[in-house]
Structure formats: structure tokens, C-alpha cells
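Everything below belongs to run.cif, which stores mmCIF, C-alpha atoms.
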```
data_start
loop_
_atom_site.label_atom_id
_atom_site.label_comp_id
_atom_site.auth_asym_id
_atom_site.auth_seq_id
_atom_site.Cartn_x
_atom_site.Cartn_y
_atom_site.Cartn_z
CA MET K 1 9.89 2.04 14.12
CA LEU K 2 11.13 0.89 17.54
CA THR K 3 13.60 3.78 17.62
CA ARG K 4 10.75 6.19 16.90
CA ILE K 5 8.63 4.75 19.75
CA ILE K 6 11.53 5.08 22.17
CA SER K 7 12.18 8.60 20.96
CA VAL K 8 8.54 9.56 21.41
CA SER K 9 8.41 8.00 24.87
CA LEU K 10 11.41 10.04 25.92
CA THR K 11 10.12 13.33 24.53
CA ASN K 12 6.40 12.93 25.24
CA PRO K 13 5.75 12.81 29.01
CA ILE K 14 2.14 11.65 28.58
CA PHE K 15 3.19 8.70 26.39
CA ALA K 16 6.04 7.88 28.77
CA ARG K 17 3.68 7.85 31.75
CA ARG K 18 1.15 5.59 29.98
CA HIS K 19 3.92 3.26 28.84
CA SER K 20 5.27 3.03 32.40
CA LEU K 21 1.81 2.31 33.78
CA PHE K 22 1.32 -0.43 31.18
CA LEU K 23 4.60 -2.10 32.09
CA LEU K 24 3.82 -1.76 35.79
CA SER K 25 0.34 -3.28 35.42
CA THR K 26 1.75 -6.18 33.39
CA LEU K 27 4.40 -6.83 36.01
CA PHE K 28 1.86 -6.57 38.82
CA SER K 29 -0.47 -9.00 37.05
CA SER K 30 2.35 -11.50 36.60
CA THR K 31 3.42 -11.18 40.24
CA ARG K 32 -0.16 -11.55 41.41
CA ASP K 33 -0.64 -14.69 39.30
CA VAL K 34 2.51 -16.25 40.76
CA TYR K 35 1.35 -15.36 44.27
CA HIS K 36 -2.04 -17.02 43.79
CA ALA K 37 -0.47 -20.06 42.14
CA ASN K 38 1.88 -20.43 45.12
CA LEU K 39 -1.10 -20.38 47.47
CA LYS K 40 -2.83 -23.01 45.33
CA ILE K 41 0.21 -25.30 45.46
CA THR K 42 0.25 -25.01 49.25
CA SER K 43 -3.48 -25.70 49.45
CA LEU K 44 -3.24 -28.77 47.21
CA SER K 45 -0.30 -30.17 49.17
CA ARG K 46 -2.15 -29.81 52.47
CA ALA K 47 -5.00 -31.79 50.92
CA GLY K 48 -2.55 -34.50 49.91
CA LYS K 49 -2.95 -33.75 46.20
CA VAL K 50 0.75 -33.69 45.40
CA ASP K 51 0.35 -34.69 41.74
CA ALA K 52 -2.06 -31.81 41.17
CA ALA K 53 0.34 -29.45 42.91
CA ARG K 54 3.21 -30.64 40.70
CA LYS K 55 1.06 -30.27 37.57
CA LEU K 56 0.33 -26.65 38.48
CA PHE K 57 3.99 -26.10 39.30
CA ASP K 58 5.09 -27.43 35.90
CA GLU K 59 2.50 -25.32 34.07
CA MET K 60 3.58 -22.04 35.68
CA PRO K 61 5.39 -19.87 33.10
CA THR K 62 7.04 -17.86 35.86
CA LYS K 63 8.29 -19.22 39.16
CA ASP K 64 9.91 -17.44 42.08
CA VAL K 65 11.79 -18.93 45.01
CA VAL K 66 8.53 -19.14 46.97
CA THR K 67 7.09 -21.33 44.21
CA TRP K 68 10.00 -23.74 44.48
CA ASN K 69 9.80 -23.71 48.29
CA SER K 70 6.06 -24.40 48.15
CA MET K 71 6.61 -27.45 45.96
CA LEU K 72 9.49 -28.56 48.16
CA SER K 73 7.21 -28.37 51.20
CA ALA K 74 4.50 -30.26 49.31
CA TYR K 75 6.81 -33.22 48.84
CA SER K 76 8.17 -32.99 52.39
CA GLN K 77 4.77 -32.81 54.07
CA ASN K 78 3.61 -35.87 52.18
CA GLY K 79 6.63 -37.99 53.02
CA LEU K 80 8.17 -37.94 49.53
CA ILE K 81 11.71 -37.33 50.71
CA GLN K 82 13.44 -38.47 47.51
CA HIS K 83 11.29 -36.12 45.43
CA SER K 84 12.19 -33.35 47.88
CA LYS K 85 15.90 -33.96 47.41
CA THR K 86 15.62 -34.12 43.61
CA LEU K 87 13.66 -30.87 43.49
CA PHE K 88 16.00 -29.16 45.93
CA HIS K 89 19.05 -29.95 43.81
CA SER K 90 17.31 -28.64 40.68
CA MET K 91 16.39 -25.29 42.24
CA PRO K 92 17.88 -22.34 40.33
CA LEU K 93 17.87 -20.23 43.49
CA ARG K 94 17.69 -21.19 47.15
CA ASN K 95 17.19 -19.17 50.31
CA VAL K 96 17.32 -20.07 53.99
CA VAL K 97 13.72 -21.36 53.82
CA SER K 98 14.75 -23.81 51.09
CA TRP K 99 17.60 -25.17 53.18
CA ASN K 100 15.45 -25.38 56.31
CA SER K 101 12.75 -27.25 54.37
CA ILE K 102 15.11 -29.96 53.14
CA ILE K 103 16.73 -30.26 56.58
CA ALA K 104 13.33 -30.63 58.25
CA ALA K 105 12.22 -33.12 55.59
CA CYS K 106 15.23 -35.32 56.31
CA VAL K 107 14.64 -35.12 60.06
CA GLN K 108 10.96 -36.02 59.66
CA ASN K 109 11.96 -39.06 57.62
CA ASP K 110 14.57 -40.18 60.18
CA ASP K 111 17.42 -39.38 57.79
CA LEU K 112 19.66 -37.60 60.30
CA ASP K 113 22.89 -38.08 58.36
CA ASP K 114 21.58 -36.23 55.31
CA ALA K 115 19.92 -33.62 57.55
CA PHE K 116 23.29 -32.93 59.13
CA SER K 117 24.98 -32.80 55.71
CA TYR K 118 22.49 -30.23 54.41
CA PHE K 119 22.83 -28.27 57.64
CA ALA K 120 26.61 -28.16 57.29
CA ALA K 121 26.36 -27.10 53.64
CA ALA K 122 23.78 -24.35 54.20
CA PRO K 123 25.37 -20.97 53.39
CA GLU K 124 23.02 -19.24 55.81
CA LYS K 125 21.53 -20.62 59.01
CA ASN K 126 18.93 -19.24 61.38
CA ALA K 127 17.32 -20.52 64.58
CA ALA K 128 14.95 -22.76 62.62
CA SER K 129 17.92 -24.48 60.96
CA TYR K 130 19.47 -25.34 64.31
CA ASN K 131 16.16 -26.27 65.92
CA ALA K 132 15.28 -28.78 63.21
CA VAL K 133 18.54 -30.69 63.69
CA ILE K 134 18.53 -30.40 67.49
CA SER K 135 15.00 -31.80 67.66
CA GLY K 136 15.96 -34.71 65.42
CA LEU K 137 19.07 -35.52 67.43
CA ALA K 138 17.10 -35.31 70.67
CA ARG K 139 14.43 -37.65 69.37
CA PHE K 140 17.04 -40.28 68.57
CA GLY K 141 18.80 -39.94 71.91
CA ARG K 142 21.90 -38.25 70.52
CA VAL K 143 21.93 -35.81 73.39
CA ARG K 144 25.62 -34.93 73.25
CA ASP K 145 25.38 -33.96 69.58
CA ALA K 146 22.23 -31.96 70.31
CA GLN K 147 23.93 -30.22 73.22
CA ARG K 148 26.98 -29.34 71.13
CA LEU K 149 24.78 -27.81 68.45
CA PHE K 150 22.72 -25.98 71.07
CA GLU K 151 25.87 -24.46 72.55
CA GLU K 152 27.02 -23.36 69.08
CA MET K 153 23.78 -21.45 68.42
CA PRO K 154 24.33 -17.68 68.28
CA HIS K 155 20.86 -16.94 69.64
CA PRO K 156 18.94 -19.96 70.97
CA ASN K 157 15.22 -19.32 71.27
CA VAL K 158 12.38 -20.89 73.24
CA VAL K 159 12.10 -23.76 70.74
CA SER K 160 15.82 -24.54 71.10
CA TYR K 161 15.63 -24.57 74.89
CA THR K 162 12.49 -26.70 74.88
CA ALA K 163 14.06 -29.25 72.53
CA MET K 164 17.05 -29.59 74.86
CA VAL K 165 14.85 -29.88 77.96
CA ASP K 166 13.01 -32.70 76.21
CA ALA K 167 16.31 -34.32 75.19
CA TYR K 168 17.71 -34.31 78.73
CA ALA K 169 14.44 -35.58 80.21
CA ARG K 170 14.41 -38.57 77.86
CA VAL K 171 17.82 -39.99 78.86
CA GLU K 172 18.48 -41.91 82.03
CA GLY K 173 19.65 -39.62 84.80
CA GLY K 174 19.09 -36.50 82.74
CA ILE K 175 16.00 -35.12 84.44
CA GLY K 176 18.10 -32.96 86.77
CA ARG K 177 19.77 -31.23 83.83
CA ALA K 178 16.39 -30.86 82.16
CA ARG K 179 14.97 -29.15 85.23
CA ALA K 180 18.00 -26.87 85.60
CA LEU K 181 17.84 -25.80 81.95
CA PHE K 182 14.10 -25.27 82.18
CA GLU K 183 14.48 -22.98 85.19
CA ALA K 184 17.24 -21.06 83.40
CA MET K 185 15.17 -20.44 80.27
CA PRO K 186 14.88 -16.70 79.56
CA ARG K 187 11.38 -17.24 78.22
CA LYS K 188 8.94 -20.12 78.42
CA ASN K 189 5.81 -20.92 76.46
CA ALA K 190 3.01 -23.44 76.98
CA VAL K 191 4.98 -26.15 75.17
CA SER K 192 8.02 -25.61 77.41
CA TRP K 193 5.94 -26.01 80.57
CA THR K 194 4.18 -29.10 79.22
CA VAL K 195 7.44 -30.75 78.13
CA MET K 196 8.92 -30.21 81.59
CA ILE K 197 5.80 -31.57 83.30
CA ASN K 198 5.78 -34.63 81.03
CA GLY K 199 9.46 -35.22 81.69
CA LEU K 200 8.97 -35.16 85.45
CA LEU K 201 5.97 -37.48 85.24
CA GLU K 202 7.80 -39.95 83.02
CA ASN K 203 10.57 -40.04 85.61
CA GLY K 204 8.12 -40.68 88.44
CA LEU K 205 8.61 -37.25 90.02
CA TYR K 206 4.92 -36.60 90.57
CA GLU K 207 5.20 -33.97 93.28
CA GLU K 208 7.74 -31.96 91.31
CA ALA K 209 5.46 -32.17 88.28
CA ARG K 210 2.59 -30.91 90.41
CA GLU K 211 4.70 -28.00 91.65
CA VAL K 212 5.72 -27.02 88.10
CA PHE K 213 2.12 -27.33 86.92
CA GLY K 214 1.04 -25.08 89.78
CA ARG K 215 3.45 -22.38 88.59
CA MET K 216 2.34 -22.60 84.97
CA PRO K 217 0.93 -19.14 84.13
CA GLN K 218 -1.70 -20.27 81.64
CA LYS K 219 -2.55 -23.92 81.93
CA SER K 220 -3.27 -25.66 78.64
CA ASP K 221 -5.51 -28.68 78.23
CA VAL K 222 -2.47 -30.68 77.10
CA ALA K 223 -0.73 -29.91 80.40
CA ARG K 224 -3.90 -30.75 82.33
CA THR K 225 -4.15 -34.08 80.51
CA ALA K 226 -0.54 -34.86 81.38
CA MET K 227 -1.21 -34.16 85.04
CA ILE K 228 -4.37 -36.27 84.97
CA THR K 229 -2.20 -39.15 83.75
CA GLY K 230 0.14 -38.59 86.67
CA PHE K 231 -2.68 -38.51 89.21
CA CYS K 232 -4.17 -41.69 87.74
CA LYS K 233 -0.84 -43.48 88.02
CA GLN K 234 -0.72 -42.53 91.70
CA GLY K 235 -4.32 -43.56 92.27
CA LYS K 236 -5.26 -39.98 93.18
CA MET K 237 -8.55 -40.04 91.35
CA GLU K 238 -10.13 -37.13 93.19
CA GLU K 239 -7.36 -34.84 91.92
CA ALA K 240 -7.59 -36.40 88.47
CA ARG K 241 -11.34 -35.91 88.41
CA ALA K 242 -11.11 -32.27 89.52
CA LEU K 243 -8.57 -31.49 86.81
CA PHE K 244 -10.60 -33.37 84.22
CA GLU K 245 -13.59 -31.16 85.02
CA GLU K 246 -11.46 -28.09 84.21
CA ILE K 247 -10.90 -29.21 80.62
CA ARG K 248 -13.37 -27.29 78.50
CA CYS K 249 -12.91 -29.28 75.29
CA ARG K 250 -12.37 -32.89 76.29
CA ASP K 251 -10.97 -35.04 73.52
CA ARG K 252 -10.69 -38.79 73.13
CA ILE K 253 -7.28 -38.86 74.82
CA SER K 254 -8.45 -37.15 78.02
CA TRP K 255 -11.56 -39.35 78.19
CA ASN K 256 -9.52 -42.53 77.68
CA ILE K 257 -7.06 -41.54 80.41
CA ILE K 258 -9.71 -40.79 83.02
CA ILE K 259 -11.75 -43.90 82.16
CA THR K 260 -8.66 -46.11 82.38
CA GLY K 261 -7.82 -44.51 85.71
CA MET K 262 -11.32 -45.19 86.99
CA ARG K 263 -11.14 -48.83 85.98
CA THR K 264 -7.97 -49.39 87.93
CA CYS K 265 -9.22 -47.52 90.96
CA ASN K 266 -10.29 -49.62 93.92
CA ASN K 267 -12.93 -47.21 95.19
CA ARG K 268 -15.58 -47.01 92.44
CA ASN K 269 -17.63 -44.36 94.23
CA MET K 270 -14.66 -42.03 94.45
CA CYS K 271 -13.93 -42.49 90.76
CA SER K 272 -17.42 -41.74 89.50
CA ILE K 273 -17.85 -38.71 87.25
CA ARG K 274 -21.16 -36.95 87.12
#
```
Would you mind writing the file's structure down as C-alpha cells?
Amino acid sequence: MLTRIISVSLTNPIFARRHSLFLLSTLFSSTRDVYHANLKITSLSRAGKVDAARKLFDEMPTKDVVTWNSMLSAYSQNGLIQHSKTLFHSMPLRNVVSWNSIIAACVQNDDLDDAFSYFAAAPEKNAASYNAVISGLARFGRVRDAQRLFEEMPHPNVVSYTAMVDAYARVEGGIGRARALFEAMPRKNAVSWTVMINGLLENGLYEEAREVFGRMPQKSDVARTAMITGFCKQGKMEEARALFEEIRCRDRISWNIIITGMRTCNNRNMCSIR
């Protein structure tokens, strides 16, 4: 019977076309179901419903690498690092996103040794792979290791440069290198400018921070808030007030900074905000 169906499908173009359309629609339906299930897993994980995400994951008859990566991210985003590692090692197929996810998960959970091990074992690396490890090393003050990795990068991007600027600015005596690297960056974004401004302020270089802020092409509210902090520390409340007025959406942080600055200001009239 099966032989007859195959024979008919080969000799009858109408039957062959209908059979092909049926197979295509079945495949499309399956792919579409997997796609929507992947989105649902991501949505559940963002809501903190990891158990529900895992239940859906286990019930899926068909999984692709995106499914596995979605579940891996669900564990990582909710701080379940051991679950992330277990799932990662059970994956039938991994891609660069899988490796980057487990590396980032280790970094987020302060497990730099394992992050470095996964990074070294990754068969394929991209900028995100390097950036995850560099950021982790920088955060823990391992500037030399971060610098070595940065120099090994085939194509460092704006995130890589920004992470290194932040790393240099955090260590004693490193602000000069941070400034030099910042100025040498082929491209800067709002985060780069803000990191440099923060670094200068933290090192007490208020005028340099002001100069960099003045050159910032599009000033973000985060950068403005950083500068307000600097002005408050110097007692320059008029400048702090003027910058505060420029913030369109003032959050709790900006309000707390300006109020604290006002309280420590000797001239109450100058510090008043209408």
C-alpha cells in the first residue's frame, strides 16, 4: 500500500503537490508551536515563574537550541546557577549563545573561575563572550587579567572599551589610563561617557568631569545625575540646581542627591528649589 502511495505521488503531479503542501504545513505548525513556546518560557522567566517555565519546557515534544537557551537564561536570570550548569551540560546541541549564557551566569554569580573555564572551553567566541569575562574581571579588580583579554580580542567593541575604562578608573592611579583609553575609543555611546564622568568624579577630578560632560553629544539623565553629585560634593549648589532642572523625569535617586546636597549647604536660600 505504501509503495502504491509513493508510486502515485511520483507519477501524479497534483497528488505530489498536495502531499508536499501537507508536509510543509505540518512542519510549519510544529515550528510555529516551538517558537511560541520559546516566547512563553522567556515571559515566564522574566516574571520569576521558573517552575512554570520548566514545566512547559519538559512538556514540549519538540525543542530546538533556542528552547534550551531560553530555559538556560531562565535559570541564570533568577540566580539558579547550579540549575544553569546542570541544564547546560545536558544540552544535546549548543551554540555561541549557549556558551555566552553560561559564562554570563557565572559572572553574575561571582563565579569567575568557572566563567573563565567555560570561556576557555567555548569552541566559538564572539565579542559578547569576551565582554562578559572582561566585565567580571574588572568588577573584581583583576585589571591585568581584563587587560590581557581585551588585548586578545580580535574586534573589541564599544562595550569592551567601556568595561576597560571602568576597570582602570576603579584602581588606584588608573584614572589616567582610563582617560587615555576613553579618548582613543573609535566609538562612544551614552554609557561610555557616563562611565568616564563617574570615574573622574570618584577620583575627585571635578573640573575634568565637567569638561567631559560638556563634550557629551547627547546628555543622559544618568550623566546629569552623576554631575549633580559632583557639584553637591563641591558645594556648588547653583550648578547642581540648574542641572537638576534639566532632568525631565526625576527619579528617587536624583531627588535624594539634590536634597542631601541642600541639607549640607550652608546657604539655604541658594539651595532652595522652586
With 6 Å added on each side, what axis-aligned box encloses every listed atom of segment 91-94 of chain K? Give the centre and edge lengths in Å to one decimal, as AutoDock Vina command-line options.
```
--center_x 17.1 --center_y -22.8 --center_z 43.7 --size_x 13.5 --size_y 17.1 --size_z 18.8
```
- Written as a PyMOL selection string, which residues does the PyMOL selection byres ((chain K and resi 66) around 9) give for the file shown? chain K and resi 35+38+63-65+67-71+97-98
- Decode the PyMOL selection byres ((chain K and resi 174-186) around 12) for the given file into explicit residues and return them as a VMD selection string. chain K and resid 141 143 to 144 147 150 155 to 173 187 to 189 191 to 205 208 to 209 212 215
- Distance criterion (all atoms listed in the file): nearest to Thr31 of chain K out of K:Thr229, K:Ser135, K:Ser45, K:Thr62: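 Checking each candidate against Thr31 of chain K, we get K:Thr62 as the closest.
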- Contact residues around Gly48 of chain K with all atoms listed in the file at 9 Å, ignoring same-chain residues under 3 positions, as a list of chain:residue names: K:Ser43, K:Leu44, K:Ser45, K:Asp51, K:Ala74, K:Gln77, K:Asn78
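Across the structure, atom CA of Met91 of chain K and atom CA of Val107 of chain K are spaced 20.4 Å apart.
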- Task: Evaluate the PyMOL selection byres ((chain K and resi 117-131) around 7) here and jot the selected residues down as a PyMOL selection string.
- Result: chain K and resi 96+99-100+103+113-116+132-135+156+159-160
- Task: Enter the distance from atom CA of Leu80 of chain K to atom CA of Arg54 of chain K, in Å, rounded to one decimal.
- Result: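 If I compute the distance from atom CA of Leu80 of chain K to atom CA of Arg54 of chain K, I get 12.5 Å.
Going from atom CA of Phe140 of chain K to atom CA of Phe231 of chain K covers 28.6 Å.
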- Looking at K:Cys232, K:Glu239, K:Ile41, K:Ala105, which one is nearest to Lys55 of chain K, with distances taken over only C-alpha atoms?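 Once distances to Lys55 of chain K are computed over only C-alpha atoms, the minimum belongs to K:Ile41.
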Neighbour residues at most 6 Å from (-5.1, -42.5, 84.2) (only C-alpha atoms) as a PDB file with C-alpha atoms, in the coordinates of the input:
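Below is the file result.pdb, written as the result:
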```pdb
ATOM      1  CA  THR K 229      -2.200 -39.150  83.750  1.00  0.00           C
ATOM      2  CA  CYS K 232      -4.170 -41.690  87.740  1.00  0.00           C
ATOM      3  CA  LYS K 233      -0.840 -43.480  88.020  1.00  0.00           C
ATOM      4  CA  ILE K 257      -7.060 -41.540  80.410  1.00  0.00           C
ATOM      5  CA  ILE K 258      -9.710 -40.790  83.020  1.00  0.00           C
ATOM      6  CA  THR K 260      -8.660 -46.110  82.380  1.00  0.00           C
ATOM      7  CA  GLY K 261      -7.820 -44.510  85.710  1.00  0.00           C
TER       8      GLY K 261
END
```
- Of the candidates K:Pro92, K:Gln234, K:Ser101, K:Asp58, which one gets nearest to Leu72 of chain K if we count only C-alpha atoms?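 Once distances to Leu72 of chain K are computed over only C-alpha atoms, the minimum belongs to K:Ser101.
In this comparison, which uses all atoms listed in the file, the residue of K:Glu207, K:His36, K:Glu151, K:Ser254 approaching Ala226 of chain K most closely is K:Ser254.
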